[in-house]
Structures are given as C-alpha cells and as structure tokens.
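Source file: entry.pdb; contents: PDB, C-alpha atoms.
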```pdb
ATOM      1  CA  GLU A 222       1.290  13.849  -1.969  1.00  0.00           C
ATOM      2  CA  PRO A 223       4.801  14.022  -3.385  1.00  0.00           C
ATOM      3  CA  LEU A 224       7.684  13.912  -0.900  1.00  0.00           C
ATOM      4  CA  ASP A 225       8.340  17.151   0.968  1.00  0.00           C
ATOM      5  CA  GLU A 226      11.680  17.041   2.800  1.00  0.00           C
ATOM      6  CA  SER A 227      10.472  19.648   5.318  1.00  0.00           C
ATOM      7  CA  LYS A 228       7.689  17.390   6.647  1.00  0.00           C
ATOM      8  CA  GLU A 229       7.897  14.605   9.220  1.00  0.00           C
ATOM      9  CA  TYR A 230       6.764  11.103   8.290  1.00  0.00           C
ATOM     10  CA  VAL A 231       3.720   9.051   9.131  1.00  0.00           C
ATOM     11  CA  LEU A 232       4.337   5.333   8.661  1.00  0.00           C
ATOM     12  CA  GLU A 233       1.671   2.743   8.111  1.00  0.00           C
ATOM     13  CA  ALA A 234       2.189  -1.028   7.956  1.00  0.00           C
ATOM     14  CA  ILE A 235      -0.305  -2.290   5.384  1.00  0.00           C
ATOM     15  CA  ASP A 236      -1.614  -5.314   3.571  1.00  0.00           C
ATOM     16  CA  PRO A 237      -2.999  -4.010   0.249  1.00  0.00           C
ATOM     17  CA  MET A 238      -6.001  -6.334   0.547  1.00  0.00           C
ATOM     18  CA  CYS A 239      -6.859  -5.454   4.161  1.00  0.00           C
ATOM     19  CA  GLU A 240     -10.135  -3.535   4.385  1.00  0.00           C
ATOM     20  CA  PHE A 241      -9.002  -1.838   7.603  1.00  0.00           C
ATOM     21  CA  CYS A 242      -5.832  -0.629   5.862  1.00  0.00           C
ATOM     22  CA  ALA A 243      -8.045   0.884   3.165  1.00  0.00           C
ATOM     23  CA  LYS A 244     -10.251   2.452   5.818  1.00  0.00           C
ATOM     24  CA  GLN A 245      -7.133   3.875   7.525  1.00  0.00           C
ATOM     25  CA  TYR A 246      -5.902   5.295   4.209  1.00  0.00           C
ATOM     26  CA  ARG A 247      -9.256   7.038   3.686  1.00  0.00           C
ATOM     27  CA  ALA A 248      -9.225   8.414   7.259  1.00  0.00           C
ATOM     28  CA  LEU A 249      -5.694   9.766   6.754  1.00  0.00           C
ATOM     29  CA  LYS A 250      -6.856  11.400   3.537  1.00  0.00           C
ATOM     30  CA  ASP A 251     -10.034  12.823   5.126  1.00  0.00           C
ATOM     31  CA  ALA A 252      -8.007  14.206   8.039  1.00  0.00           C
ATOM     32  CA  ARG A 253      -5.640  15.761   5.479  1.00  0.00           C
ATOM     33  CA  VAL A 254      -2.666  14.250   7.257  1.00  0.00           C
ATOM     34  CA  ASP A 255      -0.601  14.600   4.089  1.00  0.00           C
ATOM     35  CA  ASP A 256      -0.895  18.395   4.370  1.00  0.00           C
ATOM     36  CA  GLU A 257       1.456  18.237   7.370  1.00  0.00           C
ATOM     37  CA  TYR A 258       3.294  14.921   6.975  1.00  0.00           C
ATOM     38  CA  ASN A 259       4.818  12.657   4.364  1.00  0.00           C
ATOM     39  CA  LEU A 260       2.727   9.501   4.318  1.00  0.00           C
ATOM     40  CA  THR A 261       4.709   6.342   3.708  1.00  0.00           C
ATOM     41  CA  TYR A 262       4.189   2.649   4.296  1.00  0.00           C
ATOM     42  CA  VAL A 263       5.752  -0.755   4.638  1.00  0.00           C
ATOM     43  CA  LEU A 264       4.103  -3.670   2.903  1.00  0.00           C
ATOM     44  CA  TYR A 265       3.009  -6.586   5.030  1.00  0.00           C
ATOM     45  CA  PRO A 266       0.835  -9.157   3.282  1.00  0.00           C
ATOM     46  CA  ILE A 267      -0.690 -10.979   6.254  1.00  0.00           C
ATOM     47  CA  LYS A 268       0.334 -14.634   6.493  1.00  0.00           C
ATOM     48  CA  LEU A 269      -1.630 -17.324   8.248  1.00  0.00           C
ATOM     49  CA  PRO A 270       0.105 -19.902  10.490  1.00  0.00           C
ATOM     50  CA  ASP A 271       0.095 -22.401   7.590  1.00  0.00           C
ATOM     51  CA  GLY A 272       2.126 -19.986   5.439  1.00  0.00           C
ATOM     52  CA  GLU A 273      -0.731 -19.027   3.143  1.00  0.00           C
ATOM     53  CA  TYR A 274      -1.764 -15.410   2.815  1.00  0.00           C
ATOM     54  CA  ARG A 275      -4.904 -14.248   4.577  1.00  0.00           C
ATOM     55  CA  PHE A 276      -6.212 -12.488   1.477  1.00  0.00           C
ATOM     56  CA  GLN A 277      -6.150 -13.799  -2.051  1.00  0.00           C
ATOM     57  CA  ASN A 278      -3.764 -11.822  -4.257  1.00  0.00           C
ATOM     58  CA  SER A 279      -2.145  -9.900  -1.349  1.00  0.00           C
ATOM     59  CA  GLN A 280       1.340 -11.089  -2.215  1.00  0.00           C
ATOM     60  CA  LEU A 281       0.861 -10.493  -5.953  1.00  0.00           C
ATOM     61  CA  ILE A 282      -0.391  -6.937  -5.390  1.00  0.00           C
ATOM     62  CA  ALA A 283       2.431  -6.332  -2.880  1.00  0.00           C
ATOM     63  CA  ARG A 284       4.965  -7.438  -5.517  1.00  0.00           C
ATOM     64  CA  TYR A 285       3.502  -4.960  -8.006  1.00  0.00           C
ATOM     65  CA  VAL A 286       3.366  -2.122  -5.481  1.00  0.00           C
ATOM     66  CA  GLU A 287       6.962  -2.720  -4.391  1.00  0.00           C
ATOM     67  CA  THR A 288       8.165  -2.875  -8.003  1.00  0.00           C
ATOM     68  CA  LEU A 289       6.306   0.307  -8.912  1.00  0.00           C
ATOM     69  CA  LYS A 290       8.185   2.249  -6.233  1.00  0.00           C
ATOM     70  CA  ASP A 291      10.988   2.296  -8.823  1.00  0.00           C
ATOM     71  CA  TYR A 292       8.815   3.906 -11.514  1.00  0.00           C
ATOM     72  CA  PRO A 293       7.485   7.471 -11.439  1.00  0.00           C
ATOM     73  CA  GLN A 294       3.928   8.172 -12.467  1.00  0.00           C
ATOM     74  CA  LYS A 295       3.698   9.759 -15.877  1.00  0.00           C
ATOM     75  CA  ASN A 296       1.441  12.622 -14.833  1.00  0.00           C
ATOM     76  CA  ARG A 297       2.509  13.293 -11.254  1.00  0.00           C
ATOM     77  CA  ASP A 298       5.648  13.719  -9.177  1.00  0.00           C
ATOM     78  CA  GLN A 299       5.067  10.533  -7.212  1.00  0.00           C
ATOM     79  CA  GLY A 300       5.939   6.852  -7.486  1.00  0.00           C
ATOM     80  CA  ALA A 301       3.635   4.647  -9.533  1.00  0.00           C
ATOM     81  CA  ASP A 302       3.079   2.459  -6.472  1.00  0.00           C
ATOM     82  CA  TRP A 303       0.506   5.021  -5.340  1.00  0.00           C
ATOM     83  CA  LEU A 304      -1.498   4.454  -8.545  1.00  0.00           C
ATOM     84  CA  ILE A 305      -2.275   0.927  -7.374  1.00  0.00           C
ATOM     85  CA  LEU A 306      -2.738   1.775  -3.706  1.00  0.00           C
ATOM     86  CA  ARG A 307      -5.148   4.624  -4.489  1.00  0.00           C
ATOM     87  CA  GLU A 308      -7.212   2.412  -6.804  1.00  0.00           C
ATOM     88  CA  ILE A 309      -7.471  -0.296  -4.145  1.00  0.00           C
ATOM     89  CA  PHE A 310      -7.891   1.859  -1.047  1.00  0.00           C
ATOM     90  CA  GLU A 311     -10.307   4.403  -2.515  1.00  0.00           C
ATOM     91  CA  ASN A 312     -12.611   1.796  -4.040  1.00  0.00           C
ATOM     92  CA  GLU A 313     -13.925  -0.758  -1.542  1.00  0.00           C
ATOM     93  CA  GLU A 314     -15.659  -2.825  -4.224  1.00  0.00           C
ATOM     94  CA  GLN A 315     -12.484  -3.042  -6.287  1.00  0.00           C
ATOM     95  CA  GLN A 316     -10.468  -4.196  -3.285  1.00  0.00           C
ATOM     96  CA  GLU A 317     -13.114  -6.800  -2.428  1.00  0.00           C
ATOM     97  CA  ASP A 318     -13.174  -8.103  -6.014  1.00  0.00           C
ATOM     98  CA  ILE A 319      -9.386  -8.405  -6.161  1.00  0.00           C
ATOM     99  CA  LYS A 320      -9.173 -10.308  -2.903  1.00  0.00           C
ATOM    100  CA  THR A 321     -12.147 -12.612  -3.461  1.00  0.00           C
ATOM    101  CA  LEU A 322     -12.922 -12.917  -7.171  1.00  0.00           C
ATOM    102  CA  PHE A 323      -9.914 -12.031  -9.330  1.00  0.00           C
ATOM    103  CA  THR A 324      -7.633 -14.714 -10.655  1.00  0.00           C
ATOM    104  CA  GLN A 325      -3.944 -13.880 -10.845  1.00  0.00           C
ATOM    105  CA  GLU A 326      -4.366 -13.318 -14.585  1.00  0.00           C
ATOM    106  CA  GLU A 327      -7.143 -10.813 -13.907  1.00  0.00           C
ATOM    107  CA  VAL A 328      -4.916  -8.970 -11.430  1.00  0.00           C
ATOM    108  CA  VAL A 329      -2.168  -8.762 -14.071  1.00  0.00           C
ATOM    109  CA  GLU A 330      -4.631  -7.295 -16.574  1.00  0.00           C
ATOM    110  CA  TRP A 331      -6.089  -4.892 -14.023  1.00  0.00           C
ATOM    111  CA  VAL A 332      -2.640  -3.555 -13.108  1.00  0.00           C
ATOM    112  CA  SER A 333      -1.717  -3.294 -16.810  1.00  0.00           C
ATOM    113  CA  ASP A 334      -4.861  -1.255 -17.480  1.00  0.00           C
ATOM    114  CA  ILE A 335      -4.062   1.164 -14.640  1.00  0.00           C
ATOM    115  CA  LEU A 336      -0.516   1.603 -15.902  1.00  0.00           C
ATOM    116  CA  ARG A 337      -1.659   2.087 -19.514  1.00  0.00           C
ATOM    117  CA  ASN A 338      -4.166   4.715 -18.366  1.00  0.00           C
ATOM    118  CA  ASP A 339      -1.311   6.581 -16.680  1.00  0.00           C
ATOM    119  CA  GLY A 340       0.736   6.553 -19.889  1.00  0.00           C
ATOM    120  CA  PHE A 341       2.992   3.526 -19.441  1.00  0.00           C
ATOM    121  CA  THR A 342       3.931   1.805 -22.707  1.00  0.00           C
ATOM    122  CA  ASP A 343       3.472  -1.911 -23.326  1.00  0.00           C
ATOM    123  CA  ASP A 344       7.270  -2.329 -23.155  1.00  0.00           C
ATOM    124  CA  GLU A 345       7.375  -0.621 -19.755  1.00  0.00           C
ATOM    125  CA  ILE A 346       4.503  -2.780 -18.507  1.00  0.00           C
ATOM    126  CA  THR A 347       6.359  -5.910 -19.648  1.00  0.00           C
ATOM    127  CA  GLU A 348       9.490  -4.668 -17.861  1.00  0.00           C
ATOM    128  CA  ILE A 349       7.473  -4.139 -14.654  1.00  0.00           C
ATOM    129  CA  GLU A 350       5.874  -7.563 -15.018  1.00  0.00           C
ATOM    130  CA  LEU A 351       9.311  -9.209 -15.174  1.00  0.00           C
ATOM    131  CA  ALA A 352      10.816  -7.031 -12.418  1.00  0.00           C
ATOM    132  CA  LYS A 353       8.082  -7.932  -9.922  1.00  0.00           C
ATOM    133  CA  GLU A 354       9.317 -11.543  -9.930  1.00  0.00           C
ATOM    134  CA  SER A 355      12.945 -10.606  -9.304  1.00  0.00           C
ATOM    135  CA  ASP A 356      15.026 -11.641  -6.320  1.00  0.00           C
ATOM    136  CA  GLU A 357      15.481  -7.945  -5.498  1.00  0.00           C
ATOM    137  CA  ILE A 358      11.721  -7.441  -5.032  1.00  0.00           C
ATOM    138  CA  SER A 359      11.503 -10.629  -2.943  1.00  0.00           C
ATOM    139  CA  GLU A 360      14.336  -9.362  -0.731  1.00  0.00           C
ATOM    140  CA  ARG A 361      12.747  -5.934  -0.340  1.00  0.00           C
ATOM    141  CA  LEU A 362       9.418  -7.472   0.672  1.00  0.00           C
ATOM    142  CA  LEU A 363      11.182  -9.766   3.136  1.00  0.00           C
ATOM    143  CA  ALA A 364      13.034  -6.771   4.614  1.00  0.00           C
ATOM    144  CA  GLN A 365       9.715  -4.985   5.121  1.00  0.00           C
ATOM    145  CA  ARG A 366       8.231  -8.088   6.752  1.00  0.00           C
ATOM    146  CA  LYS A 367      11.154  -8.091   9.188  1.00  0.00           C
ATOM    147  CA  ILE A 368      10.621  -4.392   9.938  1.00  0.00           C
ATOM    148  CA  VAL A 369       6.977  -5.040  10.795  1.00  0.00           C
ATOM    149  CA  GLU A 370       7.598  -8.208  12.801  1.00  0.00           C
ATOM    150  CA  GLU A 371      10.877  -7.328  14.533  1.00  0.00           C
ATOM    151  CA  ASP A 372      11.359  -3.553  14.611  1.00  0.00           C
ATOM    152  CA  ILE A 373       7.780  -2.363  14.895  1.00  0.00           C
ATOM    153  CA  ASP A 374       6.707  -5.633  16.537  1.00  0.00           C
ATOM    154  CA  THR A 375       3.155  -4.947  15.485  1.00  0.00           C
ATOM    155  CA  ILE A 376       0.144  -6.504  17.116  1.00  0.00           C
ATOM    156  CA  ARG A 377      -2.213  -6.097  14.160  1.00  0.00           C
ATOM    157  CA  ILE A 378      -2.491  -4.493  10.745  1.00  0.00           C
ATOM    158  CA  PRO A 379      -2.905  -1.653  10.065  1.00  0.00           C
ATOM    159  CA  THR A 380      -0.275  -0.256  12.366  1.00  0.00           C
ATOM    160  CA  LEU A 381       0.166   3.493  12.231  1.00  0.00           C
ATOM    161  CA  ILE A 382       3.104   5.467  13.594  1.00  0.00           C
ATOM    162  CA  ILE A 383       2.481   9.205  13.862  1.00  0.00           C
ATOM    163  CA  GLU A 384       4.175  11.776  16.086  1.00  0.00           C
ATOM    164  CA  GLY A 385       6.230   8.983  17.647  1.00  0.00           C
ATOM    165  CA  ARG A 386       3.087   7.136  18.750  1.00  0.00           C
ATOM    166  CA  ARG A 387       2.129   3.688  17.536  1.00  0.00           C
ATOM    167  CA  PHE A 388      -1.465   2.637  16.977  1.00  0.00           C
ATOM    168  CA  ASP A 389      -2.178  -1.059  16.397  1.00  0.00           C
ATOM    169  CA  ARG A 390      -5.671  -0.480  15.139  1.00  0.00           C
ATOM    170  CA  PHE A 391      -7.706   1.842  12.977  1.00  0.00           C
ATOM    171  CA  VAL A 392      -7.437   5.506  13.989  1.00  0.00           C
ATOM    172  CA  ASP A 393     -10.493   7.583  13.066  1.00  0.00           C
ATOM    173  CA  VAL A 394     -10.486  11.049  11.469  1.00  0.00           C
ATOM    174  CA  GLU A 395     -11.299  12.869  14.713  1.00  0.00           C
ATOM    175  CA  ARG A 396      -8.372  11.253  16.535  1.00  0.00           C
ATOM    176  CA  LEU A 397      -6.025  11.930  13.599  1.00  0.00           C
ATOM    177  CA  GLU A 398      -7.024  15.582  13.580  1.00  0.00           C
ATOM    178  CA  SER A 399      -6.377  15.873  17.308  1.00  0.00           C
ATOM    179  CA  ILE A 400      -2.931  14.292  16.908  1.00  0.00           C
ATOM    180  CA  LYS A 401      -2.060  16.803  14.192  1.00  0.00           C
ATOM    181  CA  GLU A 402      -2.826  19.780  16.444  1.00  0.00           C
TER     182      GLU A 402
END
```
For this file, write the structure as structure tokens.
Amino acid sequence: EPLDESKEYVLEAIDPMCEFCAKQYRALKDARVDDEYNLTYVLYPIKLPDGEYRFQNSQLIARYVETLKDYPQKNRDQGADWLILREIFENEEQQEDIKTLFTQEEVVEWVSDILRNDGFTDDEITEIELAKESDEISERLLAQRKIVEEDIDTIRIPTLIIEGRRFDRFVDVERLESIKE
C-alpha cells in the first residue's frame, strides 16, 4: 500500500529471487499486515562465498528494483519498484523462470514489458535502463548490503522486523496475525 505516515514500519530483508522471500511477501499480504503497517524492505541479493550470487539474475533484478524506487507508478501512488516485486513474489512460476531460465536479455525485456503495461514510455524505459547501471544505484545497493550484514546482522533471508522483533526465517500468516493483535 502507499506510504501512510501514521503507521509503523515492518522491514523485510529480501533477495528478489528467494522463494522464501516471496512466500513471506504472500504471508504478509494474506495477514493484511499492510492494513496496520507500512511494509518496506532492504535488498540483499544473496552472495555465495566465491562472490557469485546464489540465484541467477538476483543482482540484475535488484538493480532494477532499486532504480525504480525513484519512479512512481503511473496508475498508483506507489513507487514502480513494487511493480516488479509484486510480479515476482505473487507468481512463483515467474520467479522460478527468472532465476533459472531467463537470460539477462530476457530479464531486460520482461521488465520493459511490465513498465510499458503500467504506462511508461520507451524514453522512460531507456532512462531506467541506463540509471540501473549508475554508480548511485551501486552505492545504494552496497549500503543496503551493509545494513543487512552489519546493522541487522541477519542469520538468513528473509529477515523480518515487526513490532521491534526480528525473525530470521519465514513467519506464517497465523503468527503474523497474532503479532498484529
């Protein structure tokens, strides 16, 4: 939901390609957590010890999502980053395809199609494409990585912080509803 200054925040550390992050997103939605809280996130594409990313296209999708925070959706009072996150997290098959089958070129086309469907022009899509490779986006993603690794000091992704409590694992709908009460 759009930002409501009167609500407290729920923070989730996510990798856009993590199936448990998608499951957590759906549980938060099913528990209607956004009725009482602002849901926000920090991006954390999971890296392996060798420096590679655990899931194919995690870093590319994270670059798009971070860039799209700067662009409002055309038909909704919310950042365009949520267009991509909703498409990935609400559609398990789509997420699986992106992380196992899609080439980088196919990801670029997929994102472009989503943006076009929301009303973005080809010029705006080109601008977003260039912006995602900027030093600013790299720095913002690095800052979020530091938040997850140093400030939150997470054990595993997804990490959820709600009502001052940290959960380093998936939290089901029933538990979320009890926390809200």
Point out the residue among A:Ser399, A:Gln245, A:Ser227, A:Thr288 with the least atom-to-atom distance to Ile358 in chain A, counting all atoms listed in the file.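 Closest to Ile358 in chain A of all the choices is A:Thr288.
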Please provide as an NGL selection string all residues within 12 Å of range 267-283 of chain A, with the sequence filter that same-chain residues fewer than 2 positions apart are discarded (counting only C-alpha atoms). :A and (234-240 or 242 or 262-265 or 285-290 or 302-306 or 308-309 or 316-332 or 350 or 353-354 or 358-359 or 361-363 or 365-366 or 369-370 or 375-379)
Result set of the PyMOL selection byres ((chain A and resi 247-259) around 12) on the coordinates above, as a PyMOL selection string: chain A and resi 222-233+240-246+260-262+299+306-313+381-384+391-402
Could you write out the selected residues, including C-alpha atoms, as a tab-separated table (two decimals), in the coordinates of the input?
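The resulting out.tsv:
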```tsv
chain	number	residue	atom	x	y	z
A	222	GLU	CA	1.29	13.85	-1.97
A	223	PRO	CA	4.80	14.02	-3.38
A	224	LEU	CA	7.68	13.91	-0.90
A	225	ASP	CA	8.34	17.15	0.97
A	226	GLU	CA	11.68	17.04	2.80
A	227	SER	CA	10.47	19.65	5.32
A	228	LYS	CA	7.69	17.39	6.65
A	229	GLU	CA	7.90	14.60	9.22
A	230	TYR	CA	6.76	11.10	8.29
A	231	VAL	CA	3.72	9.05	9.13
A	232	LEU	CA	4.34	5.33	8.66
A	233	GLU	CA	1.67	2.74	8.11
A	240	GLU	CA	-10.14	-3.54	4.38
A	241	PHE	CA	-9.00	-1.84	7.60
A	242	CYS	CA	-5.83	-0.63	5.86
A	243	ALA	CA	-8.04	0.88	3.16
A	244	LYS	CA	-10.25	2.45	5.82
A	245	GLN	CA	-7.13	3.88	7.52
A	246	TYR	CA	-5.90	5.30	4.21
A	260	LEU	CA	2.73	9.50	4.32
A	261	THR	CA	4.71	6.34	3.71
A	262	TYR	CA	4.19	2.65	4.30
A	299	GLN	CA	5.07	10.53	-7.21
A	306	LEU	CA	-2.74	1.78	-3.71
A	307	ARG	CA	-5.15	4.62	-4.49
A	308	GLU	CA	-7.21	2.41	-6.80
A	309	ILE	CA	-7.47	-0.30	-4.14
A	310	PHE	CA	-7.89	1.86	-1.05
A	311	GLU	CA	-10.31	4.40	-2.52
A	312	ASN	CA	-12.61	1.80	-4.04
A	313	GLU	CA	-13.92	-0.76	-1.54
A	381	LEU	CA	0.17	3.49	12.23
A	382	ILE	CA	3.10	5.47	13.59
A	383	ILE	CA	2.48	9.20	13.86
A	384	GLU	CA	4.18	11.78	16.09
A	391	PHE	CA	-7.71	1.84	12.98
A	392	VAL	CA	-7.44	5.51	13.99
A	393	ASP	CA	-10.49	7.58	13.07
A	394	VAL	CA	-10.49	11.05	11.47
A	395	GLU	CA	-11.30	12.87	14.71
A	396	ARG	CA	-8.37	11.25	16.54
A	397	LEU	CA	-6.02	11.93	13.60
A	398	GLU	CA	-7.02	15.58	13.58
A	399	SER	CA	-6.38	15.87	17.31
A	400	ILE	CA	-2.93	14.29	16.91
A	401	LYS	CA	-2.06	16.80	14.19
A	402	GLU	CA	-2.83	19.78	16.44
```
Report, in Å to a single decimal, how far apart CA of Phe341 in chain A and CA of Gly300 in chain A are. 12.8 Å
CA of Ala301 in chain A to CA of Asp356 in chain A, straight-line distance in Å: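 That distance, rounded to one decimal, is 20.1 Å.
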Can you patch up range 319-344 of chain A, filling it in to N, CA, C and O atoms, and show the result as a PDB file, in the coordinates of the input?
```
ATOM      1  N   ILE A 319     -10.751  -7.908  -5.993  1.00  0.00           N
ATOM      2  CA  ILE A 319      -9.386  -8.405  -6.161  1.00  0.00           C
ATOM      3  C   ILE A 319      -9.083  -9.501  -5.155  1.00  0.00           C
ATOM      4  O   ILE A 319      -8.461 -10.508  -5.483  1.00  0.00           O
ATOM      5  N   LYS A 320      -9.534  -9.326  -3.927  1.00  0.00           N
ATOM      6  CA  LYS A 320      -9.173 -10.308  -2.903  1.00  0.00           C
ATOM      7  C   LYS A 320     -10.106 -11.520  -2.850  1.00  0.00           C
ATOM      8  O   LYS A 320      -9.775 -12.504  -2.194  1.00  0.00           O
ATOM      9  N   THR A 321     -11.238 -11.461  -3.532  1.00  0.00           N
ATOM     10  CA  THR A 321     -12.147 -12.612  -3.461  1.00  0.00           C
ATOM     11  C   THR A 321     -12.477 -13.227  -4.819  1.00  0.00           C
ATOM     12  O   THR A 321     -12.742 -14.424  -4.893  1.00  0.00           O
ATOM     13  N   LEU A 322     -12.469 -12.422  -5.873  1.00  0.00           N
ATOM     14  CA  LEU A 322     -12.922 -12.917  -7.171  1.00  0.00           C
ATOM     15  C   LEU A 322     -11.837 -13.032  -8.237  1.00  0.00           C
ATOM     16  O   LEU A 322     -11.876 -13.940  -9.059  1.00  0.00           O
ATOM     17  N   PHE A 323     -10.899 -12.097  -8.241  1.00  0.00           N
ATOM     18  CA  PHE A 323      -9.914 -12.031  -9.330  1.00  0.00           C
ATOM     19  C   PHE A 323      -8.951 -13.215  -9.299  1.00  0.00           C
ATOM     20  O   PHE A 323      -8.426 -13.578  -8.248  1.00  0.00           O
ATOM     21  N   THR A 324      -8.721 -13.760 -10.492  1.00  0.00           N
ATOM     22  CA  THR A 324      -7.633 -14.714 -10.655  1.00  0.00           C
ATOM     23  C   THR A 324      -6.337 -13.913 -10.758  1.00  0.00           C
ATOM     24  O   THR A 324      -6.366 -12.682 -10.936  1.00  0.00           O
ATOM     25  N   GLN A 325      -5.219 -14.584 -10.691  1.00  0.00           N
ATOM     26  CA  GLN A 325      -3.944 -13.880 -10.845  1.00  0.00           C
ATOM     27  C   GLN A 325      -3.856 -13.221 -12.222  1.00  0.00           C
ATOM     28  O   GLN A 325      -3.351 -12.108 -12.340  1.00  0.00           O
ATOM     29  N   GLU A 326      -4.382 -13.882 -13.237  1.00  0.00           N
ATOM     30  CA  GLU A 326      -4.366 -13.318 -14.585  1.00  0.00           C
ATOM     31  C   GLU A 326      -5.195 -12.034 -14.648  1.00  0.00           C
ATOM     32  O   GLU A 326      -4.824 -11.069 -15.321  1.00  0.00           O
ATOM     33  N   GLU A 327      -6.315 -12.020 -13.937  1.00  0.00           N
ATOM     34  CA  GLU A 327      -7.143 -10.813 -13.907  1.00  0.00           C
ATOM     35  C   GLU A 327      -6.457  -9.672 -13.159  1.00  0.00           C
ATOM     36  O   GLU A 327      -6.602  -8.512 -13.539  1.00  0.00           O
ATOM     37  N   VAL A 328      -5.683 -10.002 -12.134  1.00  0.00           N
ATOM     38  CA  VAL A 328      -4.916  -8.970 -11.430  1.00  0.00           C
ATOM     39  C   VAL A 328      -3.877  -8.377 -12.374  1.00  0.00           C
ATOM     40  O   VAL A 328      -3.717  -7.154 -12.443  1.00  0.00           O
ATOM     41  N   VAL A 329      -3.178  -9.224 -13.110  1.00  0.00           N
ATOM     42  CA  VAL A 329      -2.168  -8.762 -14.071  1.00  0.00           C
ATOM     43  C   VAL A 329      -2.804  -7.807 -15.078  1.00  0.00           C
ATOM     44  O   VAL A 329      -2.263  -6.730 -15.354  1.00  0.00           O
ATOM     45  N   GLU A 330      -3.952  -8.154 -15.590  1.00  0.00           N
ATOM     46  CA  GLU A 330      -4.631  -7.295 -16.574  1.00  0.00           C
ATOM     47  C   GLU A 330      -5.118  -6.000 -15.939  1.00  0.00           C
ATOM     48  O   GLU A 330      -5.010  -4.924 -16.522  1.00  0.00           O
ATOM     49  N   TRP A 331      -5.621  -6.080 -14.738  1.00  0.00           N
ATOM     50  CA  TRP A 331      -6.089  -4.892 -14.023  1.00  0.00           C
ATOM     51  C   TRP A 331      -4.944  -3.912 -13.803  1.00  0.00           C
ATOM     52  O   TRP A 331      -5.075  -2.712 -14.064  1.00  0.00           O
ATOM     53  N   VAL A 332      -3.811  -4.414 -13.318  1.00  0.00           N
ATOM     54  CA  VAL A 332      -2.640  -3.555 -13.108  1.00  0.00           C
ATOM     55  C   VAL A 332      -2.183  -2.967 -14.437  1.00  0.00           C
ATOM     56  O   VAL A 332      -1.894  -1.769 -14.536  1.00  0.00           O
ATOM     57  N   SER A 333      -2.127  -3.781 -15.480  1.00  0.00           N
ATOM     58  CA  SER A 333      -1.717  -3.294 -16.810  1.00  0.00           C
ATOM     59  C   SER A 333      -2.623  -2.171 -17.291  1.00  0.00           C
ATOM     60  O   SER A 333      -2.141  -1.175 -17.841  1.00  0.00           O
ATOM     61  N   ASP A 334      -3.918  -2.309 -17.080  1.00  0.00           N
ATOM     62  CA  ASP A 334      -4.861  -1.255 -17.480  1.00  0.00           C
ATOM     63  C   ASP A 334      -4.605   0.049 -16.730  1.00  0.00           C
ATOM     64  O   ASP A 334      -4.631   1.133 -17.323  1.00  0.00           O
ATOM     65  N   ILE A 335      -4.351  -0.039 -15.433  1.00  0.00           N
ATOM     66  CA  ILE A 335      -4.062   1.164 -14.640  1.00  0.00           C
ATOM     67  C   ILE A 335      -2.802   1.843 -15.159  1.00  0.00           C
ATOM     68  O   ILE A 335      -2.761   3.067 -15.325  1.00  0.00           O
ATOM     69  N   LEU A 336      -1.781   1.045 -15.414  1.00  0.00           N
ATOM     70  CA  LEU A 336      -0.516   1.603 -15.902  1.00  0.00           C
ATOM     71  C   LEU A 336      -0.685   2.222 -17.292  1.00  0.00           C
ATOM     72  O   LEU A 336      -0.175   3.316 -17.554  1.00  0.00           O
ATOM     73  N   ARG A 337      -1.402   1.539 -18.170  1.00  0.00           N
ATOM     74  CA  ARG A 337      -1.659   2.087 -19.514  1.00  0.00           C
ATOM     75  C   ARG A 337      -2.400   3.419 -19.417  1.00  0.00           C
ATOM     76  O   ARG A 337      -2.081   4.369 -20.120  1.00  0.00           O
ATOM     77  N   ASN A 338      -3.395   3.482 -18.536  1.00  0.00           N
ATOM     78  CA  ASN A 338      -4.166   4.715 -18.366  1.00  0.00           C
ATOM     79  C   ASN A 338      -3.308   5.862 -17.850  1.00  0.00           C
ATOM     80  O   ASN A 338      -3.638   7.029 -18.060  1.00  0.00           O
ATOM     81  N   ASP A 339      -2.219   5.540 -17.172  1.00  0.00           N
ATOM     82  CA  ASP A 339      -1.311   6.581 -16.680  1.00  0.00           C
ATOM     83  C   ASP A 339      -0.256   6.953 -17.724  1.00  0.00           C
ATOM     84  O   ASP A 339       0.503   7.879 -17.507  1.00  0.00           O
ATOM     85  N   GLY A 340      -0.212   6.214 -18.829  1.00  0.00           N
ATOM     86  CA  GLY A 340       0.736   6.553 -19.889  1.00  0.00           C
ATOM     87  C   GLY A 340       1.910   5.605 -20.039  1.00  0.00           C
ATOM     88  O   GLY A 340       2.823   5.856 -20.840  1.00  0.00           O
ATOM     89  N   PHE A 341       1.929   4.505 -19.283  1.00  0.00           N
ATOM     90  CA  PHE A 341       2.992   3.526 -19.441  1.00  0.00           C
ATOM     91  C   PHE A 341       2.831   2.802 -20.780  1.00  0.00           C
ATOM     92  O   PHE A 341       1.712   2.498 -21.197  1.00  0.00           O
ATOM     93  N   THR A 342       3.950   2.523 -21.427  1.00  0.00           N
ATOM     94  CA  THR A 342       3.931   1.805 -22.707  1.00  0.00           C
ATOM     95  C   THR A 342       3.852   0.306 -22.437  1.00  0.00           C
ATOM     96  O   THR A 342       4.127  -0.160 -21.322  1.00  0.00           O
ATOM     97  N   ASP A 343       3.514  -0.453 -23.472  1.00  0.00           N
ATOM     98  CA  ASP A 343       3.472  -1.911 -23.326  1.00  0.00           C
ATOM     99  C   ASP A 343       4.846  -2.462 -22.959  1.00  0.00           C
ATOM    100  O   ASP A 343       4.943  -3.412 -22.169  1.00  0.00           O
ATOM    101  N   ASP A 344       5.917  -1.884 -23.509  1.00  0.00           N
ATOM    102  CA  ASP A 344       7.270  -2.329 -23.155  1.00  0.00           C
ATOM    103  C   ASP A 344       7.569  -2.071 -21.685  1.00  0.00           C
ATOM    104  O   ASP A 344       8.163  -2.908 -21.004  1.00  0.00           O
TER     105      ASP A 344
END
```
